[in-house]
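Below is one structure, written out as structure tokens, with a few remarks after it.
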Amino acid sequence: MTAKPDRRSHAPRGTCAGDSQPTGGNYGEQGVVSAEIREKIGRDPFCRREGFVLEELRPGYARVSVRLSEDMLNFHGSAHGGLIFALADAAFAAASNSRGVPAVALTATIHYLRPATAGITLVATATEENVTRRTALYRVVVAAPEGPPVATFSGLVYRKQ
């Protein structure tokens, strides 16, 4: 996954410097994502291959985007459902692992709401809804900027202690 360029600092590749300030919610003890975790998430080989960009990462929150190209479409001419799921899953993985506790998916469900076409950018925004010592629940909304949702995704993780 590549990181969005940040003009506020000279962050190493695979990080999103400057976006780690909490805006409310349950952010744990420190409220920031460590550089080590940012780098690990930013190096995800599948996400990099697909062209996913880590736009923002905070504890329990992630935003990942991709610009849709013709080779990402299905035979109907709209974004392939697998690509939309993968984008939502990438945001889910980033948000659920942002606290430094390894998390693995237990379940994931997606609802496709409307088609998306080549040339637009899709953004998956993952938000932590509930976290316990062993599990955490996340909601992901996939949409074009300033557009209605293309899909909603719900994912539950097991948090390894």
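In the structure tokens, each chain is lettered A, B, ... as it comes, each chain's residues begin at 1, and ligands are numbered from 1 in order of appearance.
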
**Item:** Neighbour list for Ser154 (chain A) as a PyMOL selection string, cut-off 10 Å, only C-alpha atoms, skip fewer than 5 positions in-chain
**Value:** chain A and resi 88-89+92+107-111+126-127+129+137-141

Please identify every residue of region 53-74 of chain A that has at least one atom no farther than 10 Å from an atom of region 38-45 of chain A, counting only C-alpha atoms, and for each give the shortest atom pair and the distance in Å to one decimal, arranged by chain then increasing number, as JSON lines.
```
{"residue": "A:Val53", "atom": "CA", "partner": "A:Gly42", "partner_atom": "CA", "distance": 8.5}
{"residue": "A:Leu54", "atom": "CA", "partner": "A:Gly42", "partner_atom": "CA", "distance": 6.9}
{"residue": "A:Glu56", "atom": "CA", "partner": "A:Arg38", "partner_atom": "CA", "distance": 9.9}
{"residue": "A:Leu57", "atom": "CA", "partner": "A:Arg38", "partner_atom": "CA", "distance": 7.7}
{"residue": "A:Arg58", "atom": "CA", "partner": "A:Arg38", "partner_atom": "CA", "distance": 9.4}
```

Mind checking which residues fall within 8 Å of Ala79 (chain A), counting only C-alpha atoms, ignoring those fewer than 5 positions away in the same chain, and posting them as a PDB file with C-alpha atoms, in the first residue's frame?
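The resulting file, out.pdb, is reproduced below:
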```pdb
ATOM      1  CA  LEU A  68     -10.615   2.698 -10.529  1.00  0.00           C
ATOM      2  CA  MET A  72     -10.744  -3.288 -12.266  1.00  0.00           C
ATOM      3  CA  LEU A  73     -14.194  -3.598 -13.870  1.00  0.00           C
ATOM      4  CA  ASN A  74     -16.413  -6.625 -14.263  1.00  0.00           C
ATOM      5  CA  ILE A  84     -14.556  -3.384  -3.592  1.00  0.00           C
ATOM      6  CA  PRO A 115     -22.123   0.496  -9.063  1.00  0.00           C
ATOM      7  CA  ALA A 116     -18.902   2.441  -9.452  1.00  0.00           C
ATOM      8  CA  THR A 117     -17.233   3.126 -12.792  1.00  0.00           C
ATOM      9  CA  ALA A 118     -13.696   3.566 -14.074  1.00  0.00           C
TER      10      ALA A 118
END
```

**Item:** All residues 12 Å or closer to Ala86 (chain A), only C-alpha atoms, same chain fewer than 3 positions away omitted, as a ChimeraX atom specification
**Value:** /A:46-52,64-66,72,79-83,89-93,108-110,122-124,140,142,151,153

Pull N, CA and C atoms from the residues just selected and write them as an mmCIF file, in the first residue's frame.
```cif
data_model
loop_
_atom_site.group_PDB
_atom_site.id
_atom_site.type_symbol
_atom_site.label_atom_id
_atom_site.label_comp_id
_atom_site.auth_asym_id
_atom_site.auth_seq_id
_atom_site.Cartn_x
_atom_site.Cartn_y
_atom_site.Cartn_z
ATOM 1 N N PHE A 46 -0.136 -7.048 -1.150
ATOM 2 C CA PHE A 46 -1.361 -7.114 -1.947
ATOM 3 C C PHE A 46 -1.911 -5.715 -2.200
ATOM 4 N N CYS A 47 -1.973 -4.915 -1.159
ATOM 5 C CA CYS A 47 -2.495 -3.546 -1.295
ATOM 6 C C CYS A 47 -1.651 -2.721 -2.246
ATOM 7 N N ARG A 48 -0.352 -2.881 -2.171
ATOM 8 C CA ARG A 48 0.534 -2.140 -3.075
ATOM 9 C C ARG A 48 0.292 -2.552 -4.519
ATOM 10 N N ARG A 49 0.134 -3.872 -4.740
ATOM 11 C CA ARG A 49 -0.097 -4.364 -6.093
ATOM 12 C C ARG A 49 -1.402 -3.820 -6.668
ATOM 13 N N GLU A 50 -2.422 -3.693 -5.835
ATOM 14 C CA GLU A 50 -3.725 -3.205 -6.291
ATOM 15 C C GLU A 50 -3.771 -1.688 -6.420
ATOM 16 N N GLY A 51 -2.759 -1.002 -5.918
ATOM 17 C CA GLY A 51 -2.722 0.456 -5.997
ATOM 18 C C GLY A 51 -3.484 1.153 -4.886
ATOM 19 N N PHE A 52 -3.748 0.438 -3.798
ATOM 20 C CA PHE A 52 -4.449 1.033 -2.663
ATOM 21 C C PHE A 52 -3.528 2.032 -1.965
ATOM 22 N N VAL A 64 -8.601 4.225 3.251
ATOM 23 C CA VAL A 64 -7.803 3.682 2.154
ATOM 24 C C VAL A 64 -8.534 3.984 0.848
ATOM 25 N N SER A 65 -7.786 4.363 -0.202
ATOM 26 C CA SER A 65 -8.419 4.706 -1.469
ATOM 27 C C SER A 65 -7.777 3.973 -2.639
ATOM 28 N N VAL A 66 -8.497 3.964 -3.750
ATOM 29 C CA VAL A 66 -7.972 3.433 -5.003
ATOM 30 C C VAL A 66 -8.668 4.159 -6.154
ATOM 31 N N MET A 72 -10.135 -2.981 -13.562
ATOM 32 C CA MET A 72 -10.744 -3.288 -12.266
ATOM 33 C C MET A 72 -12.262 -3.488 -12.394
ATOM 34 N N ALA A 79 -17.222 -1.519 -11.164
ATOM 35 C CA ALA A 79 -16.136 -2.030 -10.318
ATOM 36 C C ALA A 79 -16.434 -3.462 -9.882
ATOM 37 N N HIS A 80 -15.442 -4.312 -9.994
ATOM 38 C CA HIS A 80 -15.588 -5.714 -9.611
ATOM 39 C C HIS A 80 -15.848 -5.801 -8.112
ATOM 40 N N GLY A 81 -16.820 -6.629 -7.731
ATOM 41 C CA GLY A 81 -17.155 -6.796 -6.315
ATOM 42 C C GLY A 81 -15.975 -7.248 -5.482
ATOM 43 N N GLY A 82 -15.116 -8.075 -6.061
ATOM 44 C CA GLY A 82 -13.931 -8.533 -5.330
ATOM 45 C C GLY A 82 -12.979 -7.389 -5.017
ATOM 46 N N LEU A 83 -12.871 -6.441 -5.935
ATOM 47 C CA LEU A 83 -12.010 -5.278 -5.690
ATOM 48 C C LEU A 83 -12.599 -4.406 -4.586
ATOM 49 N N ASP A 89 -11.702 -4.484 2.977
ATOM 50 C CA ASP A 89 -10.924 -5.364 3.850
ATOM 51 C C ASP A 89 -9.577 -4.742 4.217
ATOM 52 N N ALA A 90 -8.970 -4.022 3.286
ATOM 53 C CA ALA A 90 -7.691 -3.357 3.571
ATOM 54 C C ALA A 90 -7.862 -2.283 4.638
ATOM 55 N N ALA A 91 -8.940 -1.510 4.548
ATOM 56 C CA ALA A 91 -9.199 -0.490 5.572
ATOM 57 C C ALA A 91 -9.511 -1.151 6.909
ATOM 58 N N PHE A 92 -10.293 -2.213 6.878
ATOM 59 C CA PHE A 92 -10.617 -3.003 8.074
ATOM 60 C C PHE A 92 -9.343 -3.534 8.729
ATOM 61 N N ALA A 93 -8.451 -4.110 7.944
ATOM 62 C CA ALA A 93 -7.193 -4.653 8.473
ATOM 63 C C ALA A 93 -6.331 -3.552 9.097
ATOM 64 N N ALA A 108 -16.580 -11.293 8.002
ATOM 65 C CA ALA A 108 -16.675 -10.067 7.211
ATOM 66 C C ALA A 108 -17.889 -10.198 6.311
ATOM 67 N N THR A 109 -18.692 -9.155 6.289
ATOM 68 C CA THR A 109 -19.904 -9.124 5.467
ATOM 69 C C THR A 109 -19.931 -7.818 4.699
ATOM 70 N N ILE A 110 -20.319 -7.908 3.428
ATOM 71 C CA ILE A 110 -20.404 -6.693 2.615
ATOM 72 C C ILE A 110 -21.782 -6.615 1.976
ATOM 73 N N LEU A 122 -12.398 5.451 -5.282
ATOM 74 C CA LEU A 122 -13.190 4.912 -4.182
ATOM 75 C C LEU A 122 -12.392 5.045 -2.898
ATOM 76 N N VAL A 123 -13.081 5.386 -1.818
ATOM 77 C CA VAL A 123 -12.458 5.540 -0.508
ATOM 78 C C VAL A 123 -13.192 4.636 0.471
ATOM 79 N N ALA A 124 -12.428 3.796 1.167
ATOM 80 C CA ALA A 124 -12.984 2.936 2.212
ATOM 81 C C ALA A 124 -12.584 3.526 3.556
ATOM 82 N N VAL A 140 -17.160 -0.398 7.801
ATOM 83 C CA VAL A 140 -16.442 0.234 6.700
ATOM 84 C C VAL A 140 -17.465 0.723 5.680
ATOM 85 N N VAL A 142 -17.645 2.286 1.852
ATOM 86 C CA VAL A 142 -16.902 2.506 0.608
ATOM 87 C C VAL A 142 -17.728 3.463 -0.245
ATOM 88 N N ALA A 151 -20.794 0.654 -1.054
ATOM 89 C CA ALA A 151 -20.917 -0.576 -0.272
ATOM 90 C C ALA A 151 -20.718 -0.265 1.201
ATOM 91 N N PHE A 153 -19.615 -2.500 4.816
ATOM 92 C CA PHE A 153 -18.892 -3.708 5.199
ATOM 93 C C PHE A 153 -18.843 -3.739 6.717
#
```
